[in-house]
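Notes follow the structure.
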Amino acid sequence: VVKNTMPSNAEFDVVVFGATGFTGKRVIRQLAKNHKDLKFAAAGRDRTRTLRAAKENGAGDDFGIIVADTSNQASLVAMCKQAKVLLNCTGPFRFHGEAVVLACIEGGCDYCDISGEPQFVESMIYKHGDAAKQAGVLIVPTCGFDSIPNDMGSLFASQQITTNGGVCNGVESFIKLSCSHPKGLGLHFTTYESAVHGFGDVQSLRKLRKQYSPPAIETPGPKLRGKTSALAGLFSESRLQGNYCLKFMGADAAVVKNSQQTLARNTSYTPFNFAAYMVVGGAWNALRFLVFGAAFQLFASFPQGRKILLKYPGLFTAGLCSHEGPSDEQQEATTFQIDLFARGFSAGGGLSSAGKQLKPDVNVHCRVEGPEPGYIATPKVLIECAKTILKDRKSLAMTAGASTPGAVFAGSPLIDRLTTGEHALKF
């Protein structure tokens with residue numbers, strides 16, 4: 001049994017590190033408005049800026065201010081000793097995240113973040129999971145739109161099969177974003193910056209997995225068929241009225257796979273296959289995605305190209321990305337929808353009595369819906385993850401160590417929390 005060393009005298013339930021950032025401010029805003037049962041502190045490099053950001057986003061008088069900097073490890077440890085759960089909103093995480101994770105382990109507080117960077121996520125799990133377990137703390141990255149809706153949503157979909165005695169073989173996810181604002185969707189520069197560096201360093205992720213990743217536990221039945229076409233992976237999906245789709249290039253597929261494999265290694269759980277796609281709509285939108293996506297991948301593949309991408313974010317995203325980020329009006333006019341198609345076997349784990357491989361005979365369609373994903377849904381999800389750790393720790397599938405969300409929150413009331421209150425998601 002691992003002793004939880006989280007300090008009982010920690011002054012704050014949650015500390016928001018990166019409170020002056022675009023997303024951090026919105027986490028403060030939701031904490032101050034909707035979670036008055038939590039005592040929180042805002043943390044950043046500069047006391048004056050941090051105080052102003054908190055006050056401008058609705059913080060009253062009963063909150064703390066902590067000065068901490070990723071270039072000063074002692075300041076990070078001092079910050080973590082004052083927190084029960086540290087909410088890290090300081091990206092790109094490949095540059096700023098590891099120091100915070102190490103400070104949480106040393107300071108004895110749990111950790112959640114809004115990263116969507118597979119290399120950072122898997123590196124923290126492989127390199128620091130054992131130390132976190134020994135310290136009795138939880139390190140849970142990707143607790144925002146990356147990747148709670150898909151990680152918990154795919155579990156939710158699979159349970160519609162397994163609760164009736166069946167076995168889930170695979171889940172396919174189709175992500176769709178909608179915006180009714182005249183300016184359309186918006187993206188903040190820091191989110192874009194993380195993607196640029198992530199695409200530019202895929203070789204490091206491959207090396208990391210080759211060095212640390214344990215052998216995969218096989219899923220029952222046939223693999224999900226790859227979606228193929230003659231045009232760069234573009235395909236029309238009949239289950240979504242013929243809308244064109246592309247492989248989703250975010251972290252979700254890697255995160256869900258990690259959660260599935262971790263659950264299978266730690267319990268008698270049977271993992272399922274997972275694939276994620278982005279719904280891009282009609283032929284014109286599909287063509288735009290292909291052109292801009294190809295240019296982005298090309299430039300991200302070499303150092304000078306990455307400098308150009310970072311210098312002209314609007315040009316390479318058709319105006320989607322800016323240093324200012326989307327306005328409050330744009331955010332309020334934006335929603336997301338994820339259609340999840342689960343398949344499996346009604347009995348027998350996909351094998352006949354003679355041991356012959358059967359075809360899946362059960363299909364389930366589930367949906368996860370919510371508000372603007374990056375800056376409204378993400379703060380909501382992040383805070384509810386922290387509250388689940390604080391108030392429902394005994395229900396967690398893992399109570400110490402480092403892992404992706406599904407392997408931690410499986411069986412917990414997290415989905416119930418996500419589907420109540422302002423900015424609620426729907427499962």
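A note on labels: chains of the structure tokens are A, B, ... as shown, every chain counts residues from 1, and ligands are counted from 1 in their shown order.
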**All residues 12 Å or closer to A:Gln297, only C-alpha atoms, same chain fewer than 2 positions away omitted, as a list in words** = Ala195, Val196, His197, Gly198, Phe199, Gly200, Asp201, Val202, Met249, Phe289, Leu290, Val291, Phe292, Gly293, Ala294, Ala295, Phe299, Ala300, Ser301, Phe302, Gly305, Arg306, Leu309, Phe316 and Thr317 of chain A
**Request:** Run DSSP on the backbone and give me the residues of stretch 95-325 of chain A it puts in strand (DSSP E), as an MDAnalysis selection string.
**Result:** chainID A and resid 110:113 138:140 167:179 187:188 235:237 243:247 273:281 321:322
For the residues selected in the previous step, produce a file with C-alpha atoms as a CSV table (one decimal), in the first residue's frame.
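Listed below is the output, out.csv:
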chain,number,residue,atom,x,y,z
A,110,ASP,CA,-1.6,16.0,-7.0
A,111,TYR,CA,-1.3,17.3,-10.6
A,112,CYS,CA,-3.6,17.9,-13.5
A,113,ASP,CA,-2.9,19.9,-16.7
A,138,LEU,CA,-1.4,11.6,-8.9
A,139,ILE,CA,0.1,13.0,-12.1
A,140,VAL,CA,-2.7,13.2,-14.6
A,167,VAL,CA,-17.0,-7.3,-25.1
A,168,CYS,CA,-16.1,-4.0,-26.8
A,169,ASN,CA,-13.7,-4.4,-29.7
A,170,GLY,CA,-13.3,-0.8,-31.0
A,171,VAL,CA,-14.4,2.8,-30.8
A,172,GLU,CA,-14.2,5.3,-33.6
A,173,SER,CA,-14.5,9.0,-32.8
A,174,PHE,CA,-15.6,11.8,-35.1
A,175,ILE,CA,-14.9,15.3,-33.8
A,176,LYS,CA,-16.9,18.3,-35.2
A,177,LEU,CA,-16.5,22.0,-34.3
A,178,SER,CA,-19.2,24.5,-35.1
A,179,CYS,CA,-19.3,28.3,-34.7
A,187,LEU,CA,-7.3,29.6,-31.6
A,188,HIS,CA,-4.7,31.1,-29.2
A,235,PHE,CA,-12.8,10.0,-46.8
A,236,SER,CA,-16.6,10.5,-46.8
A,237,GLU,CA,-18.3,9.0,-43.8
A,243,ASN,CA,-19.4,14.5,-44.5
A,244,TYR,CA,-15.7,14.5,-45.3
A,245,CYS,CA,-13.3,13.5,-42.5
A,246,LEU,CA,-9.6,13.3,-41.9
A,247,LYS,CA,-7.4,11.7,-39.3
A,273,ASN,CA,-9.0,-0.3,-30.3
A,274,PHE,CA,-9.5,3.4,-30.9
A,275,ALA,CA,-9.3,5.8,-33.8
A,276,ALA,CA,-10.1,9.5,-34.0
A,277,TYR,CA,-11.1,11.6,-36.9
A,278,MET,CA,-12.0,15.3,-37.6
A,279,VAL,CA,-15.2,16.1,-39.5
A,280,VAL,CA,-14.3,18.8,-42.0
A,281,GLY,CA,-17.6,19.1,-43.8
A,321,CYS,CA,-4.8,31.5,-34.9
A,322,SER,CA,-3.8,34.8,-33.3
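Distance annotation: of A:Asn88, A:Lys223, A:Ala216, A:Gly401, the residue with the minimal separation from A:Gly144 is A:Asn88; atom set is only C-alpha atoms.
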**Request:** Would you kindly return, as number ranges by chain, each protein, DNA or RNA residue with an atom no farther than 9 Å from any atom of A:Ser327, considering only C-alpha atoms and excluding same-chain residues fewer than 4 positions away?
**Result:** A: 186, 331-332
Residue subset to file, keeping N, CA, C and O atoms, as a PDB file, in the first residue's frame:
ATOM      1  N   GLY A 186     -11.714  30.320 -33.411  1.00  0.00           N
ATOM      2  CA  GLY A 186     -10.482  31.006 -33.044  1.00  0.00           C
ATOM      3  C   GLY A 186      -9.574  30.111 -32.222  1.00  0.00           C
ATOM      4  O   GLY A 186     -10.022  29.180 -31.547  1.00  0.00           O
ATOM      5  N   GLN A 331     -16.137  32.604 -28.587  1.00  0.00           N
ATOM      6  CA  GLN A 331     -16.183  31.409 -27.748  1.00  0.00           C
ATOM      7  C   GLN A 331     -17.620  31.014 -27.432  1.00  0.00           C
ATOM      8  O   GLN A 331     -17.976  29.830 -27.484  1.00  0.00           O
ATOM      9  N   GLU A 332     -18.446  31.998 -27.104  1.00  0.00           N
ATOM     10  CA  GLU A 332     -19.832  31.696 -26.756  1.00  0.00           C
ATOM     11  C   GLU A 332     -20.610  31.135 -27.951  1.00  0.00           C
ATOM     12  O   GLU A 332     -21.592  30.416 -27.766  1.00  0.00           O
TER      13      GLU A 332
END
**Who sits within 10 Å of A:Thr142, only C-alpha atoms, same chain under 2 positions skipped, as an MDAnalysis selection string** = chainID A and resid 112:118 121 140 144:148 151 251:252 255 378 382 403:405
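Closest to A:Ile415 among A:Pro149, A:Gly282, A:Pro303, A:Gly184 is A:Pro149, based on only C-alpha atoms.
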**Message:** Need to verify the contact set: stretch 50-63 of chain A, 10 Å, only C-alpha atoms, exclusion of same-chain residues closer than 6 positions in sequence. Can you return it as a VMD selection string?
**Reply:** chain A and resid 12 15 17 to 22 24 to 33 36 38 to 44
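Residues with any atom within 7 Å of A:Thr190, counting only C-alpha atoms and excluding same-chain neighbours fewer than 4 positions away, are Gly91, Pro92 and Ser194 of chain A.
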Grab the residues selected above and save them as an mmCIF file, in the first residue's frame with N, CA, C and O atoms.
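File part.cif, as written:
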data_model
loop_
_atom_site.group_PDB
_atom_site.id
_atom_site.type_symbol
_atom_site.label_atom_id
_atom_site.label_comp_id
_atom_site.auth_asym_id
_atom_site.auth_seq_id
_atom_site.Cartn_x
_atom_site.Cartn_y
_atom_site.Cartn_z
ATOM 1 N N GLY A 91 1.963 26.375 -20.875
ATOM 2 C CA GLY A 91 2.528 25.660 -22.000
ATOM 3 C C GLY A 91 3.457 26.547 -22.815
ATOM 4 O O GLY A 91 3.586 27.738 -22.516
ATOM 5 N N PRO A 92 4.090 26.000 -23.869
ATOM 6 C CA PRO A 92 4.098 24.585 -24.230
ATOM 7 C C PRO A 92 4.726 23.715 -23.131
ATOM 8 O O PRO A 92 5.749 24.074 -22.561
ATOM 9 N N SER A 194 2.381 24.901 -29.410
ATOM 10 C CA SER A 194 2.587 23.531 -28.938
ATOM 11 C C SER A 194 2.483 22.539 -30.093
ATOM 12 O O SER A 194 3.262 21.576 -30.181
#
**Message:** Please compute the atom CA of A:Phe341-atom CA of A:His365 distance, one decimal, in Å.
**Reply:** 4.7 Å
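Residues surrounding A:Asn72 within 10 Å are Arg45, Val77 and Ala99 of chain A [only C-alpha atoms; sequence separation below 5 positions excluded].
What separates atom CA of A:Leu340 from atom CA of A:Met398 is a distance of 25.2 Å.
Our summary of the geometry notes that atom CA of A:Ser268 is positioned 26.5 Å from atom CA of A:Arg417.
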